[in-house]
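The block underneath contains the structure these notes are about, expressed in structure tokens.
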Amino acid sequence: MEIKAVIFDLDGVIVFTDQFHYQAWKKIADEMGIYFDEKINNRLRGVSRMDSLEIILERYEGSLLSQEKKEELAEQKNGFYRELLKTMTPADVSDEVRDTLAALRQRGYKTALGSSSRNAKFILERVGLLEAFDEISDGTNITKSKPDPEVFLKAAEFLGEKPEHCLVVEDAEAGIEAGIAGGMRTAAIGEAVSCEKADYKLRQFSDLLEILHEK
Ligand code: BG6
Ligand code: MG
């Protein structure tokens, strides 16, 4: 089946905000005396803010937390995270990523962002990539986060493409699973390369140009 569109995850694929997520959650975890490390942080990739909090709270030994308190903690984490995002500039996107995105469009592929983040547009604006995608599907237009395929199915819908014509690029296992569940082809990069289910494994972002030829 011909690939006509490429849907990109954001955190860990286009930009490396995963370290900022880690630092912000680490602050919350430390304040609450909860053990949290980079390995646990890997489980948060592609997972929504509230679901991420639930994963961190698996190791919480204090008394039961109300929904209100949980929302307060998630809000606090987002405050720390956004302070870190403010330090981002166009220099935080590699030339390789910028050039590959432009080349794919030039070759006739439609492109979209498919991110669970509610901060996606803010990040794209900071790094000067708001115009780099034809469509944006993010945490503000979904009710279920990855591994549910909703964010990618919405991206395909926004692009006017059938799922089977889309390729998803992901650094999270939950994201690869979401792409497969949506009936799309998947390309793994970074942490997701160990995921056997992906159709393609990218050593680097520009490897996409070897998979997606001139149309
Ligand atoms: C994803 C990240 O892109 O966005 C997750 O991989 C994060 O780690 C999720 O939890 C939600 O992000 P935000 O910005 O809405 O808190
Ligand atoms: Mg990611």
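Starting from 1 in every chain, residues are counted up; chains themselves are A, B, ... following the order of the structure tokens, and ligands are numbered from 1 as listed.
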
Residues contacting ligand 2 - anything with an atom at most 7 Å away, using only C-alpha atoms and all ligand atoms - can you give me those as a PyMOL selection string?
chain A and resi 9-13+45-46+170-172

Using only C-alpha atoms and all ligand atoms, find each residue of chain A with at least one atom at most 8 Å away from an atom of ligand 1; report its shortest atom-to-atom pair and that distance in Å (one decimal), sort the rows by chain and rising residue number, and return the result as CSV.
residue,atom,partner,partner_atom_place_in_ligand_line,distance
A:Asp9,CA,ligand 1,3 (O),7.0
A:Leu10,CA,ligand 1,3 (O),6.0
A:Asp11,CA,ligand 1,3 (O),4.8
A:Gly12,CA,ligand 1,6 (O),7.2
A:Asp18,CA,ligand 1,8 (O),6.4
A:His21,CA,ligand 1,8 (O),6.2
A:Asn41,CA,ligand 1,8 (O),7.8
A:Leu44,CA,ligand 1,8 (O),4.6
A:Arg45,CA,ligand 1,6 (O),3.7
A:Gly46,CA,ligand 1,6 (O),3.6
A:Val47,CA,ligand 1,5 (C),4.8
A:Ser48,CA,ligand 1,11 (C),4.3
A:Arg49,CA,ligand 1,10 (O),4.2
A:Met50,CA,ligand 1,10 (O),7.6
A:Asp51,CA,ligand 1,10 (O),7.5
A:Ser52,CA,ligand 1,10 (O),5.6
A:Ala74,CA,ligand 1,16 (O),8.0
A:Asn78,CA,ligand 1,16 (O),6.0
A:Tyr81,CA,ligand 1,14 (O),7.9
A:Ser115,CA,ligand 1,3 (O),5.1
A:Ser116,CA,ligand 1,4 (O),4.4
A:Ser117,CA,ligand 1,15 (O),3.4
A:Arg118,CA,ligand 1,15 (O),3.6
A:Asn119,CA,ligand 1,14 (O),4.4
A:Ala120,CA,ligand 1,14 (O),6.7
A:Gly139,CA,ligand 1,15 (O),5.9
A:Ala172,CA,ligand 1,6 (O),7.5

Skip Phe158 in chain A itself and residues of its chain fewer than 2 positions away, then list as a VMD selection string all residues within 10 Å of it, counting only C-alpha atoms.
chain A and resid 112 134 to 137 152 to 156 160 to 161

Those selected residues, please, written with N, CA, C and O atoms and delivered as a PDB file, in the first residue's frame.
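Ended up saving to result_22.pdb:
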ATOM      1  N   ALA A 112       1.865  15.644   9.054  1.00  0.00           N
ATOM      2  CA  ALA A 112       1.079  16.092  10.208  1.00  0.00           C
ATOM      3  C   ALA A 112       1.830  15.782  11.485  1.00  0.00           C
ATOM      4  O   ALA A 112       2.704  14.916  11.511  1.00  0.00           O
ATOM      5  N   ASP A 134       1.422  20.140   7.586  1.00  0.00           N
ATOM      6  CA  ASP A 134       0.153  20.514   6.955  1.00  0.00           C
ATOM      7  C   ASP A 134      -0.963  20.576   7.992  1.00  0.00           C
ATOM      8  O   ASP A 134      -1.864  21.404   7.892  1.00  0.00           O
ATOM      9  N   GLU A 135      -0.932  19.665   8.961  1.00  0.00           N
ATOM     10  CA  GLU A 135      -1.976  19.612   9.989  1.00  0.00           C
ATOM     11  C   GLU A 135      -1.371  19.275  11.347  1.00  0.00           C
ATOM     12  O   GLU A 135      -0.311  18.644  11.403  1.00  0.00           O
ATOM     13  N   ILE A 136      -2.081  19.668  12.396  1.00  0.00           N
ATOM     14  CA  ILE A 136      -1.617  19.352  13.751  1.00  0.00           C
ATOM     15  C   ILE A 136      -2.737  18.662  14.534  1.00  0.00           C
ATOM     16  O   ILE A 136      -3.834  19.214  14.669  1.00  0.00           O
ATOM     17  N   SER A 137      -2.452  17.462  15.006  1.00  0.00           N
ATOM     18  CA  SER A 137      -3.368  16.755  15.901  1.00  0.00           C
ATOM     19  C   SER A 137      -2.611  16.610  17.214  1.00  0.00           C
ATOM     20  O   SER A 137      -1.493  16.083  17.233  1.00  0.00           O
ATOM     21  N   PHE A 152      -3.673   9.792  16.060  1.00  0.00           N
ATOM     22  CA  PHE A 152      -3.211   9.550  14.682  1.00  0.00           C
ATOM     23  C   PHE A 152      -4.389   9.490  13.705  1.00  0.00           C
ATOM     24  O   PHE A 152      -4.282   9.970  12.578  1.00  0.00           O
ATOM     25  N   LEU A 153      -5.497   8.895  14.159  1.00  0.00           N
ATOM     26  CA  LEU A 153      -6.682   8.836  13.283  1.00  0.00           C
ATOM     27  C   LEU A 153      -7.192  10.244  13.000  1.00  0.00           C
ATOM     28  O   LEU A 153      -7.604  10.566  11.886  1.00  0.00           O
ATOM     29  N   LYS A 154      -7.119  11.111  14.018  1.00  0.00           N
ATOM     30  CA  LYS A 154      -7.524  12.511  13.825  1.00  0.00           C
ATOM     31  C   LYS A 154      -6.594  13.189  12.832  1.00  0.00           C
ATOM     32  O   LYS A 154      -7.029  13.956  11.968  1.00  0.00           O
ATOM     33  N   ALA A 155      -5.296  12.915  12.966  1.00  0.00           N
ATOM     34  CA  ALA A 155      -4.315  13.525  12.053  1.00  0.00           C
ATOM     35  C   ALA A 155      -4.626  13.109  10.615  1.00  0.00           C
ATOM     36  O   ALA A 155      -4.635  13.940   9.695  1.00  0.00           O
ATOM     37  N   ALA A 156      -4.927  11.814  10.412  1.00  0.00           N
ATOM     38  CA  ALA A 156      -5.240  11.307   9.069  1.00  0.00           C
ATOM     39  C   ALA A 156      -6.509  11.986   8.543  1.00  0.00           C
ATOM     40  O   ALA A 156      -6.569  12.396   7.382  1.00  0.00           O
ATOM     41  N   GLY A 160      -7.093  14.340   5.353  1.00  0.00           N
ATOM     42  CA  GLY A 160      -7.948  13.780   4.306  1.00  0.00           C
ATOM     43  C   GLY A 160      -7.336  12.533   3.694  1.00  0.00           C
ATOM     44  O   GLY A 160      -7.526  12.264   2.514  1.00  0.00           O
ATOM     45  N   GLU A 161      -6.605  11.759   4.508  1.00  0.00           N
ATOM     46  CA  GLU A 161      -5.961  10.531   4.028  1.00  0.00           C
ATOM     47  C   GLU A 161      -6.484   9.317   4.788  1.00  0.00           C
ATOM     48  O   GLU A 161      -6.820   9.413   5.960  1.00  0.00           O
TER      49      GLU A 161
END

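Restricting the calculation to only C-alpha atoms, the smallest distance between Ser206 in chain A and any of A:Val93, A:Leu129, A:Leu101, A:Cys166 is found for A:Leu101.
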
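The set of residues in chain A assigned to strand (DSSP E or B) by DSSP, using only backbone atoms of this structure, is Ala5, Val6, Ile7, Phe8, Asp11, Val15, Lys110, Thr111, Ala112, Leu113, Gly114, Glu135, Ile136, Ser137, Cys166, Leu167, Val168, Val169, Glu170, Arg185, Thr186, Ala187, Ala188, Tyr200 and Lys201 of chain A.
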
Store the residues picked out above in a file with N, CA, C and O atoms, as a compact mmCIF listing (two decimals), in the first residue's frame.
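Written output follows (result-v7.txt):
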# COMPACT_ATOMS: atom_id res chain seq x y z
N ALA A 5 1.17 10.00 3.30
CA ALA A 5 1.30 11.01 4.37
C ALA A 5 2.14 10.47 5.51
O ALA A 5 2.17 9.26 5.76
N VAL A 6 2.83 11.39 6.19
CA VAL A 6 3.66 11.00 7.33
C VAL A 6 3.19 11.77 8.56
O VAL A 6 3.02 12.99 8.51
N ILE A 7 2.96 11.03 9.64
CA ILE A 7 2.50 11.64 10.89
C ILE A 7 3.61 11.49 11.94
O ILE A 7 4.04 10.38 12.24
N PHE A 8 4.05 12.63 12.46
CA PHE A 8 5.19 12.64 13.37
C PHE A 8 4.76 12.86 14.81
O PHE A 8 4.00 13.79 15.11
N ASP A 11 7.52 14.91 20.97
CA ASP A 11 8.52 14.74 22.03
C ASP A 11 9.38 13.51 21.77
O ASP A 11 8.87 12.40 21.73
N VAL A 15 11.67 17.15 18.65
CA VAL A 15 12.42 17.88 19.68
C VAL A 15 12.64 16.98 20.89
O VAL A 15 11.93 15.98 21.05
N LYS A 110 2.13 14.45 2.32
CA LYS A 110 1.48 15.35 3.27
C LYS A 110 2.11 15.06 4.63
O LYS A 110 2.52 13.91 4.89
N THR A 111 2.16 16.05 5.50
CA THR A 111 2.76 15.83 6.83
C THR A 111 1.83 16.34 7.93
O THR A 111 1.12 17.33 7.74
N ALA A 112 1.87 15.64 9.05
CA ALA A 112 1.08 16.09 10.21
C ALA A 112 1.83 15.78 11.48
O ALA A 112 2.70 14.92 11.51
N LEU A 113 1.45 16.50 12.53
CA LEU A 113 1.97 16.20 13.85
C LEU A 113 0.91 15.34 14.55
O LEU A 113 -0.29 15.59 14.38
N GLY A 114 1.34 14.34 15.30
CA GLY A 114 0.42 13.51 16.07
C GLY A 114 0.99 13.36 17.46
O GLY A 114 1.71 12.41 17.74
N GLU A 135 -0.93 19.66 8.96
CA GLU A 135 -1.98 19.61 9.99
C GLU A 135 -1.37 19.27 11.35
O GLU A 135 -0.31 18.64 11.40
N ILE A 136 -2.08 19.67 12.40
CA ILE A 136 -1.62 19.35 13.75
C ILE A 136 -2.74 18.66 14.53
O ILE A 136 -3.83 19.21 14.67
N SER A 137 -2.45 17.46 15.01
CA SER A 137 -3.37 16.75 15.90
C SER A 137 -2.61 16.61 17.21
O SER A 137 -1.49 16.08 17.23
N CYS A 166 -0.93 6.13 5.63
CA CYS A 166 -0.12 6.95 6.53
C CYS A 166 1.02 6.16 7.18
O CYS A 166 0.86 4.98 7.51
N LEU A 167 2.13 6.84 7.37
CA LEU A 167 3.27 6.29 8.12
C LEU A 167 3.44 7.12 9.39
O LEU A 167 3.49 8.35 9.34
N VAL A 168 3.50 6.43 10.53
CA VAL A 168 3.67 7.10 11.83
C VAL A 168 5.14 7.00 12.25
O VAL A 168 5.74 5.93 12.16
N VAL A 169 5.72 8.12 12.69
CA VAL A 169 7.11 8.11 13.17
C VAL A 169 7.10 8.35 14.69
O VAL A 169 6.60 9.38 15.15
N GLU A 170 7.64 7.42 15.44
CA GLU A 170 7.48 7.40 16.90
C GLU A 170 8.73 6.99 17.67
O GLU A 170 9.49 6.15 17.21
N ARG A 185 1.22 2.29 8.91
CA ARG A 185 2.57 1.77 8.95
C ARG A 185 3.34 2.55 10.03
O ARG A 185 2.99 3.71 10.33
N THR A 186 4.39 1.94 10.61
CA THR A 186 5.11 2.62 11.69
C THR A 186 6.63 2.61 11.46
O THR A 186 7.18 1.62 10.97
N ALA A 187 7.26 3.72 11.86
CA ALA A 187 8.72 3.81 11.83
C ALA A 187 9.18 4.19 13.23
O ALA A 187 8.73 5.19 13.79
N ALA A 188 10.07 3.36 13.80
CA ALA A 188 10.56 3.61 15.16
C ALA A 188 11.89 4.35 15.12
O ALA A 188 12.73 4.09 14.25
N TYR A 200 9.52 -0.16 10.26
CA TYR A 200 10.85 0.37 9.92
C TYR A 200 11.55 0.80 11.19
O TYR A 200 10.91 1.24 12.15
N LYS A 201 12.88 0.73 11.16
CA LYS A 201 13.68 1.23 12.29
C LYS A 201 14.62 2.29 11.73
O LYS A 201 15.35 2.02 10.76

Write down as a PyMOL selection string the residues belonging to range 65-110 of chain A that are assigned alpha helix (DSSP H) by DSSP computed on the backbone.
chain A and resi 67-85+95-106

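The space separating CA of Thr100 in chain A from CA of Lys86 in chain A comes to 25.2 Å.
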
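Taking only C-alpha atoms into account, Glu75 in chain A lies nearest to A:Ile28 out of the set A:Leu104, A:Ile28, A:Asp99, A:Met88.
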
If we count only C-alpha atoms and set the cut-off at 10 Å, which residues sit around Gly33 in chain A, ignoring sequence neighbours fewer than 6 positions away in its own chain? Please answer as number ranges by chain.
A: 27, 59-62

Go ahead and save the residues from that selection, with N, CA, C and O atoms, as a PDB file, in the first residue's frame.
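Output (part_0.pdb):
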ATOM      1  N   LYS A  27      10.763  16.805  40.065  1.00  0.00           N
ATOM      2  CA  LYS A  27      10.558  17.794  41.126  1.00  0.00           C
ATOM      3  C   LYS A  27       9.332  17.426  41.971  1.00  0.00           C
ATOM      4  O   LYS A  27       9.369  17.449  43.203  1.00  0.00           O
ATOM      5  N   ARG A  59       4.240   4.351  42.966  1.00  0.00           N
ATOM      6  CA  ARG A  59       5.218   4.178  44.049  1.00  0.00           C
ATOM      7  C   ARG A  59       4.945   5.099  45.243  1.00  0.00           C
ATOM      8  O   ARG A  59       5.777   5.229  46.126  1.00  0.00           O
ATOM      9  N   TYR A  60       3.805   5.734  45.250  1.00  0.00           N
ATOM     10  CA  TYR A  60       3.460   6.645  46.346  1.00  0.00           C
ATOM     11  C   TYR A  60       2.932   5.841  47.530  1.00  0.00           C
ATOM     12  O   TYR A  60       2.046   4.994  47.363  1.00  0.00           O
ATOM     13  N   GLU A  61       3.483   6.132  48.724  1.00  0.00           N
ATOM     14  CA  GLU A  61       3.071   5.337  49.876  1.00  0.00           C
ATOM     15  C   GLU A  61       2.215   6.109  50.860  1.00  0.00           C
ATOM     16  O   GLU A  61       1.839   5.604  51.903  1.00  0.00           O
ATOM     17  N   GLY A  62       1.878   7.364  50.522  1.00  0.00           N
ATOM     18  CA  GLY A  62       1.067   8.191  51.425  1.00  0.00           C
ATOM     19  C   GLY A  62      -0.412   7.852  51.329  1.00  0.00           C
ATOM     20  O   GLY A  62      -0.798   6.886  50.673  1.00  0.00           O
TER      21      GLY A  62
END

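For the atom pair formed by CA of Val97 in chain A and CA of Leu130 in chain A, the distance is 13.8 Å, given to one decimal.
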
Selected residue of minimal separation from Leu124 in chain A among A:Met1, A:Leu85, A:Ile189, A:Leu208, counting only C-alpha atoms:
A:Leu85

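With only C-alpha atoms as the atoms that count, the residue of A:Asn42, A:Asp148, A:Trp25, A:Glu83 with the shortest distance to Glu191 in chain A is A:Asn42.
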
If I take CA of Ile123 in chain A and CA of Thr89 in chain A, how far is one from the other in Å, to one decimal?
9.2 Å

Counting only C-alpha atoms, the option among A:Ala24, A:Ile40, A:Leu53, A:Ala192 closest to Leu84 in chain A:
A:Ala24

His213 in chain A environment, 12 Å, only C-alpha atoms, sequence neighbours closer than 5 positions dropped, as a VMD selection string:
chain A and resid 2 to 4 100 103 to 109 207 to 208

How would the residues just chosen look if you wrote them out with all heavy atoms as a CSV table (one decimal), in the first residue's frame?
chain,number,residue,atom,x,y,z
A,2,GLU,N,0.5,2.2,-0.9
A,2,GLU,CA,1.4,3.4,-1.0
A,2,GLU,C,1.3,4.3,0.2
A,2,GLU,O,0.2,4.5,0.7
A,2,GLU,CB,0.8,4.1,-2.3
A,2,GLU,CG,1.8,5.2,-2.8
A,2,GLU,CD,1.1,6.2,-3.7
A,2,GLU,OE1,0.0,5.9,-4.1
A,2,GLU,OE2,1.8,7.2,-4.1
A,3,ILE,N,2.4,4.9,0.6
A,3,ILE,CA,2.4,5.8,1.7
A,3,ILE,C,2.2,7.2,1.0
A,3,ILE,O,3.0,7.6,0.1
A,3,ILE,CB,3.7,5.7,2.5
A,3,ILE,CG1,3.7,4.4,3.3
A,3,ILE,CG2,3.7,6.9,3.5
A,3,ILE,CD1,5.0,4.1,3.9
A,4,LYS,N,1.2,8.0,1.5
A,4,LYS,CA,1.0,9.3,1.0
A,4,LYS,C,1.2,10.4,2.0
A,4,LYS,O,1.3,11.6,1.7
A,4,LYS,CB,-0.5,9.4,0.5
A,4,LYS,CG,-0.8,8.4,-0.7
A,4,LYS,CD,-2.2,8.7,-1.1
A,4,LYS,CE,-2.5,7.7,-2.3
A,4,LYS,NZ,-3.9,7.8,-2.7
A,100,THR,N,14.7,17.4,6.4
A,100,THR,CA,14.0,16.2,6.1
A,100,THR,C,12.5,16.5,5.9
A,100,THR,O,11.8,16.0,5.0
A,100,THR,CB,14.2,15.0,7.1
A,100,THR,OG1,15.6,14.8,7.2
A,100,THR,CG2,13.5,13.7,6.7
A,103,ALA,N,12.0,18.3,2.7
A,103,ALA,CA,12.2,17.4,1.5
A,103,ALA,C,11.0,16.5,1.3
A,103,ALA,O,10.6,16.2,0.2
A,103,ALA,CB,13.5,16.6,1.7
A,104,LEU,N,10.4,16.0,2.4
A,104,LEU,CA,9.3,15.1,2.3
A,104,LEU,C,8.1,15.8,1.6
A,104,LEU,O,7.4,15.3,0.8
A,104,LEU,CB,8.9,14.5,3.6
A,104,LEU,CG,9.8,13.5,4.2
A,104,LEU,CD1,9.4,13.1,5.7
A,104,LEU,CD2,9.9,12.3,3.4
A,105,ARG,N,7.9,17.1,2.1
A,105,ARG,CA,6.8,17.8,1.5
A,105,ARG,C,7.1,18.1,0.0
A,105,ARG,O,6.2,18.0,-0.9
A,105,ARG,CB,6.6,19.2,2.2
A,105,ARG,CG,5.9,19.0,3.5
A,105,ARG,CD,5.8,20.3,4.2
A,105,ARG,NE,4.5,20.8,4.4
A,105,ARG,CZ,4.3,22.0,5.0
A,105,ARG,NH1,5.3,22.8,5.4
A,105,ARG,NH2,3.0,22.4,5.3
A,106,GLN,N,8.3,18.3,-0.3
A,106,GLN,CA,8.7,18.6,-1.7
A,106,GLN,C,8.5,17.4,-2.6
A,106,GLN,O,8.2,17.5,-3.7
A,106,GLN,CB,10.2,19.0,-1.7
A,106,GLN,CG,10.5,20.0,-2.8
A,106,GLN,CD,11.8,20.7,-2.5
A,106,GLN,OE1,12.6,20.2,-1.7
A,106,GLN,NE2,12.1,21.8,-3.2
A,107,ARG,N,8.7,16.2,-1.9
A,107,ARG,CA,8.5,14.9,-2.7
A,107,ARG,C,7.0,14.6,-2.8
A,107,ARG,O,6.7,13.6,-3.4
A,107,ARG,CB,9.2,13.8,-2.0
A,107,ARG,CG,10.7,13.9,-2.1
A,107,ARG,CD,11.4,12.7,-1.5
A,107,ARG,NE,12.9,12.9,-1.5
A,107,ARG,CZ,13.7,11.9,-1.1
A,107,ARG,NH1,13.3,10.8,-0.7
A,107,ARG,NH2,15.0,12.2,-1.2
A,108,GLY,N,6.2,15.4,-2.3
A,108,GLY,CA,4.7,15.2,-2.4
A,108,GLY,C,4.0,14.5,-1.3
A,108,GLY,O,2.8,14.2,-1.4
A,109,TYR,N,4.7,14.4,-0.2
A,109,TYR,CA,4.0,13.7,1.0
A,109,TYR,C,3.3,14.8,1.8
A,109,TYR,O,3.9,15.9,2.0
A,109,TYR,CB,5.0,13.0,1.9
A,109,TYR,CG,5.6,11.8,1.2
A,109,TYR,CD1,6.8,11.9,0.4
A,109,TYR,CD2,5.0,10.6,1.2
A,109,TYR,CE1,7.3,10.8,-0.2
A,109,TYR,CE2,5.5,9.5,0.5
A,109,TYR,CZ,6.7,9.6,-0.2
A,109,TYR,OH,7.2,8.6,-0.9
A,207,ASP,N,16.8,9.0,7.6
A,207,ASP,CA,16.6,7.7,7.0
A,207,ASP,C,15.3,7.6,6.3
A,207,ASP,O,15.0,6.8,5.5
A,207,ASP,CB,16.7,6.6,8.0
A,207,ASP,CG,18.2,6.3,8.4
A,207,ASP,OD1,19.1,6.8,7.8
A,207,ASP,OD2,18.4,5.5,9.4
A,208,LEU,N,14.3,8.5,6.8
A,208,LEU,CA,13.0,8.6,6.2
A,208,LEU,C,13.1,8.8,4.7
A,208,LEU,O,12.3,8.3,3.9
A,208,LEU,CB,12.2,9.7,6.8
A,208,LEU,CG,11.6,9.4,8.2
A,208,LEU,CD1,11.0,10.7,8.7
A,208,LEU,CD2,10.5,8.3,8.1

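Proximity ranking of A:Ile14, A:Leu65, A:Ala29, A:Leu209 relative to Arg98 in chain A places A:Ile14 first, based on only C-alpha atoms.
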